[in-house]
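Next up, upload-v7.tsv (TSV, C-alpha atoms):
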chain	number	residue	atom	x	y	z
A	24	MET	CA	0.00	0.00	0.00
A	25	PRO	CA	1.40	3.46	-0.90
A	26	PRO	CA	2.76	5.53	2.05
A	27	PHE	CA	0.15	8.24	1.40
A	28	THR	CA	-2.62	5.67	1.84
A	29	LYS	CA	-1.11	4.49	5.13
A	30	GLN	CA	-1.06	8.09	6.38
A	31	ILE	CA	-4.74	8.45	5.53
A	32	ASN	CA	-5.54	5.47	7.76
A	33	ASN	CA	-4.22	7.40	10.77
A	34	LEU	CA	-6.20	10.61	10.18
A	35	PRO	CA	-9.04	11.63	12.50
A	36	ARG	CA	-12.45	10.96	11.01
A	37	SER	CA	-13.19	14.67	10.49
A	38	ASP	CA	-9.95	15.02	8.51
A	39	VAL	CA	-10.86	11.96	6.45
A	40	ARG	CA	-14.09	13.64	5.35
A	41	THR	CA	-12.14	16.82	4.49
A	42	LEU	CA	-9.60	14.85	2.46
A	43	ARG	CA	-12.34	13.07	0.58
A	44	HIS	CA	-13.85	16.45	-0.31
A	45	TYR	CA	-10.51	17.68	-1.64
A	46	CYS	CA	-10.03	14.47	-3.63
A	47	TYR	CA	-13.20	15.25	-5.54
A	48	ARG	CA	-12.14	18.90	-5.97
A	49	VAL	CA	-8.76	17.86	-7.40
A	50	VAL	CA	-10.45	15.52	-9.88
A	51	LEU	CA	-12.65	18.40	-11.08
A	52	GLU	CA	-9.69	20.77	-11.35
A	53	LEU	CA	-7.74	18.21	-13.37
A	54	ASP	CA	-10.66	17.78	-15.73
A	55	ASN	CA	-10.93	21.56	-16.17
A	56	ALA	CA	-7.18	21.77	-16.83
A	57	ARG	CA	-7.44	19.02	-19.44
A	58	ALA	CA	-10.25	20.91	-21.23
A	59	SER	CA	-8.24	24.14	-21.13
A	60	TRP	CA	-5.16	22.36	-22.53
A	61	ALA	CA	-7.19	20.84	-25.33
A	62	ALA	CA	-8.47	24.29	-26.32
A	63	THR	CA	-4.91	25.68	-26.28
A	64	VAL	CA	-3.65	22.87	-28.52
A	65	ARG	CA	-6.43	23.56	-31.03
A	66	ARG	CA	-5.30	27.21	-31.23
A	67	SER	CA	-1.57	26.32	-31.39
A	68	PRO	CA	-0.96	23.07	-33.36
A	69	SER	CA	2.79	23.29	-32.52
A	70	LEU	CA	1.95	22.33	-28.95
A	71	ARG	CA	0.28	19.10	-30.03
A	72	ARG	CA	3.49	17.09	-29.51
A	73	PHE	CA	3.23	17.76	-25.76
A	74	GLU	CA	-0.29	16.34	-25.53
A	75	VAL	CA	0.89	12.76	-24.99
A	76	LEU	CA	3.06	13.86	-22.07
A	77	HIS	CA	0.18	15.85	-20.62
A	78	ASN	CA	-2.22	12.90	-20.86
A	79	THR	CA	0.32	10.57	-19.28
A	80	LEU	CA	0.86	12.88	-16.31
A	81	ARG	CA	-2.88	13.34	-15.95
A	82	ALA	CA	-3.39	9.55	-15.92
A	83	LEU	CA	-0.74	9.07	-13.25
A	84	SER	CA	-2.20	11.85	-11.11
A	85	GLY	CA	-5.65	10.35	-11.50
A	86	LEU	CA	-4.34	6.93	-10.43
A	87	ALA	CA	-2.79	8.40	-7.28
A	88	ILE	CA	-6.04	10.18	-6.45
A	89	MET	CA	-8.04	6.98	-6.99
A	90	VAL	CA	-5.79	5.15	-4.50
A	91	ALA	CA	-6.25	7.96	-1.97
A	92	CYS	CA	-10.01	8.05	-2.46
A	93	ARG	CA	-10.26	4.26	-2.06
A	94	ALA	CA	-8.38	4.51	1.23
A	95	VAL	CA	-10.67	7.33	2.36
A	96	ALA	CA	-13.76	5.32	1.43
A	97	ALA	CA	-12.41	2.33	3.35
A	98	GLN	CA	-12.33	4.43	6.52
A	99	ASP	CA	-16.09	4.90	6.30
A	100	ARG	CA	-16.88	1.19	5.92
A	101	PRO	CA	-18.02	-0.43	9.18
A	102	VAL	CA	-16.37	-3.73	8.18
A	103	LEU	CA	-13.50	-4.55	5.84
A	104	ASP	CA	-14.40	-7.61	3.76
A	105	GLU	CA	-13.25	-7.03	0.17
A	106	TYR	CA	-10.17	-8.96	-0.98
A	107	ARG	CA	-7.94	-9.29	-4.03
A	108	VAL	CA	-7.24	-12.98	-3.42
A	109	PRO	CA	-9.68	-15.90	-3.75
A	110	VAL	CA	-12.41	-15.92	-1.08
A	111	ILE	CA	-13.87	-19.38	-0.45
A	112	LYS	CA	-17.19	-19.57	1.37
A	113	LEU	CA	-17.53	-22.42	3.84
A	114	ARG	CA	-20.69	-23.97	5.24
A	115	GLY	CA	-20.33	-25.47	8.68
A	116	GLU	CA	-22.13	-28.09	10.72
A	117	ASP	CA	-22.80	-28.03	14.43
A	118	PHE	CA	-20.18	-30.19	16.08
A	119	ALA	CA	-20.78	-29.68	19.78
A	120	SER	CA	-23.98	-27.90	20.81
A	121	GLN	CA	-25.40	-30.11	23.53
A	122	ASP	CA	-26.30	-27.10	25.68
A	123	ILE	CA	-23.01	-27.51	27.50
A	124	PHE	CA	-21.41	-24.16	26.68
A	125	ALA	CA	-22.09	-20.72	28.11
A	126	SER	CA	-19.46	-18.72	26.19
A	127	PRO	CA	-16.71	-20.79	24.52
A	128	THR	CA	-13.69	-18.73	23.47
A	129	SER	CA	-10.25	-20.25	23.03
A	130	ILE	CA	-10.05	-23.59	21.25
A	131	ALA	CA	-7.07	-25.78	20.32
A	132	TRP	CA	-6.43	-29.08	18.55
A	133	VAL	CA	-4.18	-31.37	20.63
A	134	ASP	CA	-3.56	-34.89	19.27
A	135	GLY	CA	-7.08	-35.76	18.16
A	136	GLN	CA	-8.81	-33.81	20.92
A	137	LEU	CA	-10.28	-30.33	21.14
A	138	ILE	CA	-9.43	-28.27	24.22
A	139	ILE	CA	-12.00	-25.53	24.85
A	140	ILE	CA	-12.06	-22.69	27.38
A	141	ASP	CA	-15.43	-21.42	28.58
A	142	ARG	CA	-14.84	-18.91	31.37
A	143	GLN	CA	-18.54	-18.47	32.11
A	144	SER	CA	-18.99	-22.16	32.88
A	145	ASP	CA	-17.95	-24.01	35.99
A	146	PRO	CA	-15.89	-26.14	35.39
A	147	LYS	CA	-14.28	-23.90	32.80
A	148	LEU	CA	-12.45	-26.33	30.50
A	149	PHE	CA	-13.64	-29.05	28.14
A	150	VAL	CA	-11.85	-31.85	26.32
A	151	LEU	CA	-13.81	-33.17	23.33
A	152	ASP	CA	-13.12	-36.03	20.95
A	153	ALA	CA	-12.23	-34.26	17.69
A	154	LYS	CA	-14.00	-36.91	15.59
A	155	THR	CA	-17.27	-37.37	17.44
A	156	GLY	CA	-17.65	-34.26	19.60
A	157	ALA	CA	-18.16	-36.43	22.69
A	158	ILE	CA	-17.04	-34.93	25.99
A	159	VAL	CA	-13.88	-36.69	27.19
A	160	ARG	CA	-13.16	-34.49	30.19
A	161	ARG	CA	-14.55	-31.46	31.95
A	162	PHE	CA	-12.41	-29.84	34.60
A	163	GLY	CA	-11.10	-26.62	36.12
A	164	ARG	CA	-13.49	-25.36	38.78
A	165	ASP	CA	-13.48	-21.70	39.78
A	166	GLY	CA	-10.86	-20.74	42.35
A	167	ALA	CA	-7.20	-20.00	42.93
A	168	GLY	CA	-6.04	-23.32	44.39
A	169	PRO	CA	-4.24	-26.20	42.65
A	170	GLY	CA	-6.18	-27.30	39.59
A	171	GLU	CA	-8.49	-24.27	39.80
A	172	PHE	CA	-8.81	-21.30	37.47
A	173	LYS	CA	-10.00	-17.71	37.79
A	174	ALA	CA	-9.61	-16.48	34.22
A	175	PRO	CA	-8.26	-19.15	31.84
A	176	TRP	CA	-7.35	-17.43	28.61
A	177	ASP	CA	-4.88	-19.25	26.41
A	178	ILE	CA	-4.04	-22.84	25.39
A	179	ALA	CA	-0.46	-23.78	24.49
A	180	PRO	CA	0.47	-27.31	23.34
A	181	SER	CA	3.62	-28.59	25.05
A	182	GLY	CA	4.80	-30.78	22.18
A	183	ARG	CA	4.17	-34.01	24.09
A	184	TYR	CA	1.26	-36.35	23.45
A	185	ARG	CA	-2.05	-34.82	24.57
A	186	GLU	CA	-0.24	-32.43	26.86
A	187	PHE	CA	-0.91	-28.70	26.98
A	188	TRP	CA	-0.56	-25.58	29.10
A	189	ILE	CA	-3.44	-23.36	30.23
A	190	PHE	CA	-2.61	-19.71	30.93
A	191	ASP	CA	-4.70	-17.95	33.60
A	192	THR	CA	-4.47	-14.16	33.16
A	193	SER	CA	-5.80	-13.37	36.63
A	194	LEU	CA	-3.45	-15.74	38.46
A	195	ARG	CA	-0.52	-15.21	36.03
A	196	ARG	CA	-0.15	-18.97	36.16
A	197	MET	CA	0.63	-21.68	33.61
A	198	THR	CA	-0.95	-25.06	34.38
A	199	LEU	CA	0.32	-28.19	32.61
A	200	VAL	CA	-2.37	-30.77	31.77
A	201	GLN	CA	-2.18	-34.25	30.24
A	202	SER	CA	-5.67	-35.27	29.22
A	203	ASP	CA	-5.13	-38.89	30.36
A	204	ARG	CA	-2.63	-38.81	33.26
A	205	SER	CA	-3.95	-35.66	34.97
A	206	PHE	CA	-7.14	-37.38	36.07
A	207	THR	CA	-7.28	-40.03	38.77
A	208	ASP	CA	-10.66	-41.35	39.89
A	209	GLY	CA	-12.26	-38.41	38.12
A	210	VAL	CA	-10.22	-35.83	40.08
A	211	PHE	CA	-8.13	-33.31	38.17
A	212	ARG	CA	-4.51	-33.09	39.30
A	213	PRO	CA	-2.29	-30.91	37.12
A	214	ILE	CA	1.17	-32.19	36.27
A	215	ARG	CA	2.57	-28.90	37.50
A	216	SER	CA	1.81	-25.20	37.81
A	217	VAL	CA	4.17	-22.31	37.15
A	218	ALA	CA	3.57	-18.75	38.41
A	219	LEU	CA	5.14	-16.15	36.11
A	220	GLU	CA	7.15	-13.40	37.81
A	221	GLY	CA	6.63	-9.69	37.32
A	222	GLY	CA	3.56	-7.53	36.90
A	223	ALA	CA	3.24	-7.17	33.13
A	224	ASN	CA	-0.20	-7.74	31.62
A	225	LEU	CA	0.35	-10.79	29.41
A	226	ASN	CA	-1.98	-11.57	26.51
A	227	SER	CA	-0.60	-14.69	24.90
A	228	VAL	CA	1.90	-17.23	26.27
A	229	ARG	CA	3.58	-20.18	24.53
A	230	TRP	CA	5.99	-22.95	25.53
A	231	THR	CA	9.06	-23.02	23.26
A	232	ALA	CA	11.27	-25.91	22.18
A	233	GLU	CA	14.08	-24.57	24.37
A	234	GLY	CA	11.97	-25.03	27.51
A	235	THR	CA	11.00	-21.41	28.15
A	236	PHE	CA	7.76	-19.45	28.14
A	237	ILE	CA	7.53	-16.62	25.61
A	238	ALA	CA	4.73	-14.05	25.77
A	239	THR	CA	3.34	-10.81	24.40
A	240	GLY	CA	1.54	-8.19	26.44
A	241	TYR	CA	1.88	-4.69	27.84
A	242	LEU	CA	5.60	-4.78	28.52
A	243	ARG	CA	8.04	-2.11	29.65
A	244	ARG	CA	10.63	-3.19	27.11
A	245	GLY	CA	11.06	-5.56	24.20
A	246	LEU	CA	8.59	-7.36	21.99
A	247	PHE	CA	8.51	-10.67	23.86
A	248	ALA	CA	8.62	-11.38	27.59
A	249	VAL	CA	10.58	-14.53	28.45
A	250	TYR	CA	10.36	-16.78	31.52
A	251	ASP	CA	12.31	-19.91	32.40
A	252	SER	CA	10.70	-23.25	33.21
A	253	ILE	CA	9.98	-22.25	36.81
A	254	GLY	CA	8.58	-18.81	35.96
A	255	ARG	CA	11.58	-16.57	36.59
A	256	GLU	CA	11.66	-13.55	34.31
A	257	ARG	CA	14.51	-13.44	31.80
A	258	PRO	CA	15.71	-10.66	29.48
A	259	SER	CA	13.08	-9.70	26.92
A	260	ARG	CA	13.60	-10.46	23.24
A	261	GLY	CA	12.99	-8.50	20.08
A	262	ASP	CA	12.72	-4.78	19.52
A	263	PHE	CA	9.35	-3.06	19.76
A	264	THR	CA	9.38	-0.72	16.74
A	265	TYR	CA	5.67	-0.03	16.22
A	266	GLY	CA	3.85	3.27	16.55
A	267	ASP	CA	5.10	6.79	17.23
A	268	PRO	CA	8.47	6.52	19.03
A	269	ARG	CA	7.64	9.71	20.92
A	270	LEU	CA	5.04	7.78	22.91
A	271	PRO	CA	6.01	5.51	25.82
A	272	VAL	CA	6.60	1.88	24.83
A	273	PHE	CA	3.94	0.79	27.32
A	274	ALA	CA	1.32	2.98	25.59
A	275	ARG	CA	2.31	1.78	22.13
A	276	GLN	CA	2.09	-1.84	23.22
A	277	GLN	CA	-1.53	-1.28	24.23
A	278	ALA	CA	-2.26	0.01	20.73
A	279	TYR	CA	-0.36	-2.88	19.14
A	280	ASP	CA	-1.85	-5.62	21.29
A	281	SER	CA	-1.12	-9.01	19.76
A	282	ARG	CA	-1.62	-12.76	19.89
A	283	ILE	CA	1.03	-15.35	19.10
A	284	THR	CA	1.29	-18.95	17.98
A	285	LEU	CA	4.20	-21.29	17.28
A	286	ASP	CA	4.90	-23.72	14.47
A	287	PRO	CA	4.67	-27.43	15.48
A	288	ALA	CA	8.43	-27.50	16.11
A	289	ARG	CA	7.89	-24.55	18.51
A	290	ALA	CA	10.84	-22.64	17.00
A	291	LYS	CA	9.05	-20.01	14.88
A	292	ILE	CA	6.55	-17.44	16.15
A	293	ALA	CA	3.65	-15.86	14.26
A	294	VAL	CA	2.47	-12.57	15.77
A	295	ALA	CA	-1.02	-11.32	14.81
A	296	PHE	CA	-2.03	-7.83	15.92
A	297	LYS	CA	-5.44	-7.05	17.35
A	298	GLU	CA	-5.96	-3.55	15.89
A	299	ALA	CA	-3.79	-3.61	12.76
A	300	ASP	CA	-3.85	-6.15	9.94
A	301	ARG	CA	-0.23	-7.02	10.66
A	302	LEU	CA	1.01	-10.61	10.73
A	303	GLU	CA	4.74	-11.02	11.31
A	304	PHE	CA	7.11	-13.93	11.84
A	305	PHE	CA	9.98	-14.27	14.31
A	306	ALA	CA	12.48	-16.80	15.54
A	307	SER	CA	12.22	-17.72	19.21
A	308	SER	CA	15.35	-15.59	19.69
A	309	GLY	CA	13.28	-12.51	18.79
A	310	GLN	CA	14.81	-12.06	15.33
A	311	ARG	CA	12.28	-10.95	12.73
A	312	LEU	CA	11.99	-13.50	9.92
A	313	GLY	CA	9.41	-11.84	7.69
A	314	VAL	CA	6.20	-9.86	7.27
A	315	ALA	CA	3.00	-11.25	5.77
A	316	GLN	CA	1.02	-9.61	2.99
A	317	ARG	CA	-1.50	-7.13	4.38
A	318	PRO	CA	-4.91	-7.06	2.67
A	319	PHE	CA	-5.88	-3.59	3.93
A	320	GLY	CA	-2.90	-1.90	5.58
A	321	PHE	CA	-4.66	-0.19	8.51
A	322	GLU	CA	-3.01	0.75	11.80
A	323	PRO	CA	-4.48	1.22	15.30
A	324	SER	CA	-6.59	4.31	15.91
A	325	PHE	CA	-6.22	5.61	19.45
A	326	ALA	CA	-6.07	8.74	21.56
A	327	ALA	CA	-2.61	9.33	23.01
A	328	PRO	CA	-2.24	9.98	26.77
A	329	ARG	CA	-3.12	13.58	27.62
A	330	LYS	CA	-0.74	13.84	30.55
A	331	ARG	CA	2.98	13.29	30.42
A	332	ASP	CA	2.90	10.69	33.21
A	333	ASP	CA	-0.19	8.89	31.85
A	334	GLU	CA	0.67	5.73	29.90
A	335	TYR	CA	-2.82	4.44	29.17
A	336	ILE	CA	-4.46	5.08	25.81
A	337	ALA	CA	-8.09	5.11	24.66
A	338	GLY	CA	-9.66	3.94	21.43
A	339	THR	CA	-11.51	6.20	19.02
A	340	GLN	CA	-14.63	5.86	16.90
A	341	ARG	CA	-12.41	4.57	14.13
A	342	SER	CA	-10.85	1.79	16.24
A	343	ARG	CA	-11.13	-1.43	14.29
A	344	THR	CA	-10.52	-5.03	15.35
A	345	ALA	CA	-8.13	-6.98	13.15
A	346	TYR	CA	-6.93	-10.43	14.23
A	347	ARG	CA	-8.69	-12.24	17.06
A	348	ASN	CA	-6.93	-15.58	16.94
A	349	VAL	CA	-3.95	-17.12	15.16
A	350	ILE	CA	-2.92	-20.77	14.82
A	351	ALA	CA	-0.36	-22.58	12.71
A	352	THR	CA	0.51	-25.88	11.10
A	353	GLN	CA	3.86	-26.88	9.66
A	354	SER	CA	3.22	-24.99	6.42
A	355	THR	CA	0.36	-22.56	7.03
A	356	VAL	CA	-0.77	-19.80	9.39
A	357	PHE	CA	-4.53	-19.34	9.89
A	358	SER	CA	-5.65	-16.00	11.37
A	359	LEU	CA	-9.23	-15.17	12.35
A	360	PHE	CA	-9.95	-11.64	11.09
A	361	SER	CA	-12.73	-9.29	12.16
A	362	GLY	CA	-12.27	-6.01	10.27
A	363	ARG	CA	-15.16	-4.50	12.26
A	364	ARG	CA	-15.19	-1.07	13.79
A	365	ARG	CA	-15.97	-1.17	17.48
A	366	HIS	CA	-18.07	2.01	17.34
A	367	GLU	CA	-20.70	0.29	15.19
A	368	PHE	CA	-20.36	-3.35	16.27
A	369	LYS	CA	-19.68	-2.88	20.01
A	370	ALA	CA	-18.94	-6.28	21.59
A	371	ASP	CA	-19.53	-8.06	18.25
A	372	ALA	CA	-16.33	-6.46	16.91
A	373	ALA	CA	-14.53	-9.25	18.78
A	374	PHE	CA	-15.96	-11.79	16.31
A	375	GLY	CA	-14.92	-12.44	12.73
A	376	ARG	CA	-16.11	-14.34	9.67
A	377	HIS	CA	-12.90	-14.36	7.64
A	378	VAL	CA	-9.84	-16.54	8.08
A	379	HIS	CA	-6.67	-15.33	6.37
A	380	VAL	CA	-4.56	-18.22	5.12
A	381	HIS	CA	-0.85	-17.33	4.86
A	382	SER	CA	2.16	-19.49	4.19
A	383	TRP	CA	5.14	-19.04	6.50
A	384	ASP	CA	6.87	-16.99	3.78
A	385	GLY	CA	4.13	-14.36	4.23
A	386	THR	CA	2.13	-15.00	1.05
A	387	LEU	CA	-1.63	-14.58	1.47
A	388	ARG	CA	-2.89	-17.71	-0.29
A	389	MET	CA	-6.62	-17.39	0.21
A	390	VAL	CA	-9.36	-16.11	2.49
A	391	LEU	CA	-11.97	-18.42	4.02
A	392	GLU	CA	-15.41	-16.93	4.70
A	393	LEU	CA	-17.30	-18.70	7.49
A	394	ASP	CA	-21.10	-18.79	7.59
A	395	ALA	CA	-21.09	-17.74	11.26
A	396	SER	CA	-19.14	-15.18	13.29
A	397	ALA	CA	-16.45	-16.86	15.39
A	398	ILE	CA	-14.23	-15.83	18.28
A	399	GLY	CA	-11.75	-18.72	18.16
A	400	ILE	CA	-10.54	-21.32	15.65
A	401	ALA	CA	-8.56	-24.56	15.57
A	402	VAL	CA	-7.25	-26.61	12.63
A	403	ASP	CA	-6.04	-30.20	12.46
A	404	PRO	CA	-2.38	-30.77	11.44
A	405	GLU	CA	-3.44	-32.20	8.05
A	406	GLU	CA	-5.40	-29.00	7.28
A	407	THR	CA	-8.59	-30.90	6.45
A	408	VAL	CA	-10.98	-29.48	9.05
A	409	LEU	CA	-11.44	-26.21	10.93
A	410	PHE	CA	-13.34	-25.80	14.19
A	411	ALA	CA	-14.80	-22.48	15.32
A	412	SER	CA	-16.16	-21.15	18.62
A	413	VAL	CA	-19.50	-19.51	17.81
A	414	HIS	CA	-21.95	-17.67	20.09
A	415	ASP	CA	-24.84	-16.67	17.84
A	416	PRO	CA	-27.62	-17.79	17.95
A	417	VAL	CA	-26.46	-20.24	20.63
A	418	PRO	CA	-22.97	-21.02	22.01
A	419	ARG	CA	-21.51	-23.98	20.15
A	420	ILE	CA	-18.57	-25.41	18.22
A	421	VAL	CA	-18.95	-25.50	14.41
A	422	ARG	CA	-16.94	-27.76	12.13
A	423	TYR	CA	-15.89	-26.80	8.57
A	424	ALA	CA	-14.33	-28.97	5.88
A	425	LEU	CA	-11.30	-27.12	4.51
A	426	PRO	CA	-10.50	-26.75	0.82
A	427	THR	CA	-7.11	-27.83	-0.45
A	428	ILE	CA	-4.48	-25.25	0.45
A	429	PRO	CA	-2.45	-24.30	-2.68
A	430	ARG	CA	0.56	-26.54	-3.10
A	431	GLN	CA	3.02	-23.63	-2.90
A	432	ALA	CA	1.93	-23.03	0.71
A	433	ARG	CA	2.96	-26.48	1.85
Could I get this file's structure written as C-alpha cells?
Amino acid sequence: MPPFTKQINNLPRSDVRTLRHYCYRVVLELDNARASWAATVRRSPSLRRFEVLHNTLRALSGLAIMVACRAVAAQDRPVLDEYRVPVIKLRGEDFASQDIFASPTSIAWVDGQLIIIDRQSDPKLFVLDAKTGAIVRRFGRDGAGPGEFKAPWDIAPSGRYREFWIFDTSLRRMTLVQSDRSFTDGVFRPIRSVALEGGANLNSVRWTAEGTFIATGYLRRGLFAVYDSIGRERPSRGDFTYGDPRLPVFARQQAYDSRITLDPARAKIAVAFKEADRLEFFASSGQRLGVAQRPFGFEPSFAAPRKRDDEYIAGTQRSRTAYRNVIATQSTVFSLFSGRRRHEFKADAAFGRHVHVHSWDGTLRMVLELDASAIGIAVDPEETVLFASVHDPVPRIVRYALPTIPRQAR
C-alpha cells in the first residue's frame, strides 16, 4: 500500500471527510485543466506534440487520487471484507452444541482432541473427541487453588502427546495438563503449575522448544517477555518498533496488542495484531523472519495519553478489530480476522467471519469466509478441518471442511 494511503488510515475521522472532499475537488480541477489544454492545442498546433506527455501525467495523477479516495472510502466502511485474493465460502455443521457451553472462546487441537475454554462455565475447561464431539473431560473449577482457574485465557500445546498448558491471566499462572494422566478417579490433578514473575499484563503465552515461556503483552521493554521453566523472568527479546516513538513503549504496546502462535516444532513465532492487519514472523530468539502480505494496511486508531505521566491510551470511533486468533501448522498460518469497527459493532467487533490463510513466507494464499461469526478457531495438522467457537444464535462449536491449500503453501 502506498505511504500516502497508510497516512490516511491514521487521520481523524473529520480530517478523512475533508480529504475526501478535496479528492473530488482535485479531480474536477484536473478535468478543467485538461479541457483548457485541449483548447490551447487547437489554437496552437505546434503544442500538439506535448499532448501525450500531458495525458500521461494526468493519468498518473488520476491513479494516485483513486488510490487515496479508495483509502478514504475504506475508513467509512463499518467492516473490511473485500479482498484481491480468492475468497472461499464455507458452510459449517454443528459439532458440539449439547447445551453444554455458556461462552466458549479459546479452542485448540491437541492430538485428536479439542481443548475448549469457557470462562462463564464451571468447570471452565472441556476436552472433546475431535471426531465425534463427545465430551472426554470437563475440569477446572473456579478458584485460585491447585487445579483451579479464575480467568483461563490461552491454550499452548507442550509438544508431548495430549499435553498442553493453560494460561490464567488473573493468576498469572501456567498449568500443565495431560488429558489422560492428569485425572485419577475423576479428580483433576495438574502435572505442574508455574507462576510467572513480574507484573506485566500478558496476553498470549507459549511454551518453546528450548523449555521457556515466551509471551506478548503490555511490557516495559522488548517485543517478547521470556520466563524460564519455573517462571523466573529473563531478558526480553525482540525490539518493539511499532507506533510513534515519541510515545512511551507501554502505551504503544496497548495500541499494538497481539496474539502469538508457534509452528509445530515450537521454534518459529507468528504474531497477529489485534488492531492492525499485521502478521509477522519471528524466531524464538526474537529475530524478525518476515512480514506477511497485508490485505488492507490499517493501523491502530487511538487517543494518546493527555498527561505526560499517563501511559494508558483510549480507542476512538475509528478503532477497528483486526486479528482475534492465530494458529499454525507446519506450512500454514490461519488467522481469524474481524475487520469490524468497534463504534458500530460494540462487543460483536470481537468476532470475525474471515480466516486469512498465509504461508510461512508471508504470502496470502486465500481467504476463508465462514457462515457464522467466530471468536476462536482450531485446525487439524493435516489441514482438512477447521473448528470455530460460535456464540450466535447459541454457544456452540462449528466444524468446517477445509478446501485444499495451494501446493506452494505447503
> Hey, can you check how far CA of Asp141 in chain A sits from CA of Ser281 in chain A?
Replying inline: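 About the pair CA of Asp141 in chain A and CA of Ser281 in chain A: they are 20.9 Å apart.
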> Which residues, written as a ChimeraX atom specification, have at least one atom at most 10 Å from Arg301 in chain A, with all atoms listed in the file counted and residues fewer than 2 positions away on the same chain left out?
Replying inline: /A:279,281,294-299,303,314-322,345-346
Filtering to C-alpha atoms, could you give me those residues as an mmCIF file, keeping the file's coordinate frame?
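The resulting file, result23.cif, is reproduced below:
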data_model
loop_
_atom_site.group_PDB
_atom_site.id
_atom_site.type_symbol
_atom_site.label_atom_id
_atom_site.label_comp_id
_atom_site.auth_asym_id
_atom_site.auth_seq_id
_atom_site.Cartn_x
_atom_site.Cartn_y
_atom_site.Cartn_z
ATOM 1 C CA TYR A 279 -0.360 -2.880 19.140
ATOM 2 C CA SER A 281 -1.120 -9.010 19.760
ATOM 3 C CA VAL A 294 2.470 -12.570 15.770
ATOM 4 C CA ALA A 295 -1.020 -11.320 14.810
ATOM 5 C CA PHE A 296 -2.030 -7.830 15.920
ATOM 6 C CA LYS A 297 -5.440 -7.050 17.350
ATOM 7 C CA GLU A 298 -5.960 -3.550 15.890
ATOM 8 C CA ALA A 299 -3.790 -3.610 12.760
ATOM 9 C CA GLU A 303 4.740 -11.020 11.310
ATOM 10 C CA VAL A 314 6.200 -9.860 7.270
ATOM 11 C CA ALA A 315 3.000 -11.250 5.770
ATOM 12 C CA GLN A 316 1.020 -9.610 2.990
ATOM 13 C CA ARG A 317 -1.500 -7.130 4.380
ATOM 14 C CA PRO A 318 -4.910 -7.060 2.670
ATOM 15 C CA PHE A 319 -5.880 -3.590 3.930
ATOM 16 C CA GLY A 320 -2.900 -1.900 5.580
ATOM 17 C CA PHE A 321 -4.660 -0.190 8.510
ATOM 18 C CA GLU A 322 -3.010 0.750 11.800
ATOM 19 C CA ALA A 345 -8.130 -6.980 13.150
ATOM 20 C CA TYR A 346 -6.930 -10.430 14.230
#
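Taking only C-alpha atoms into account, Asp300 in chain A lies nearest to A:Ser361 out of the set A:Ser361, A:Thr352, A:Gln201, A:Ser126.
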> What is the CA of Leu387 in chain A to CA of Ser354 in chain A distance in Å?
Replying inline: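 One can read the CA of Leu387 in chain A to CA of Ser354 in chain A distance as 12.5 Å.
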> If we count only C-alpha atoms, what is near Ile111 in chain A at a cut-off of 12 Å, once residues fewer than 5 positions away on the same chain are taken out, given as number ranges by chain?
Replying inline: A: 106, 376-380, 388-394, 423-428
Within 8 Å of (12.4, -10.2, 30.0) in the file's own coordinates, which protein, DNA or RNA residues have an atom, counting only C-alpha atoms? List them as a PDB file with C-alpha atoms, in the coordinates of the input.
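Writing done, so here's part.pdb:
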ATOM      1  CA  ARG A 244      10.630  -3.190  27.110  1.00  0.00           C
ATOM      2  CA  GLY A 245      11.060  -5.560  24.200  1.00  0.00           C
ATOM      3  CA  PHE A 247       8.510 -10.670  23.860  1.00  0.00           C
ATOM      4  CA  ALA A 248       8.620 -11.380  27.590  1.00  0.00           C
ATOM      5  CA  VAL A 249      10.580 -14.530  28.450  1.00  0.00           C
ATOM      6  CA  TYR A 250      10.360 -16.780  31.520  1.00  0.00           C
ATOM      7  CA  GLU A 256      11.660 -13.550  34.310  1.00  0.00           C
ATOM      8  CA  ARG A 257      14.510 -13.440  31.800  1.00  0.00           C
ATOM      9  CA  PRO A 258      15.710 -10.660  29.480  1.00  0.00           C
ATOM     10  CA  SER A 259      13.080  -9.700  26.920  1.00  0.00           C
ATOM     11  CA  ARG A 260      13.600 -10.460  23.240  1.00  0.00           C
TER      12      ARG A 260
END
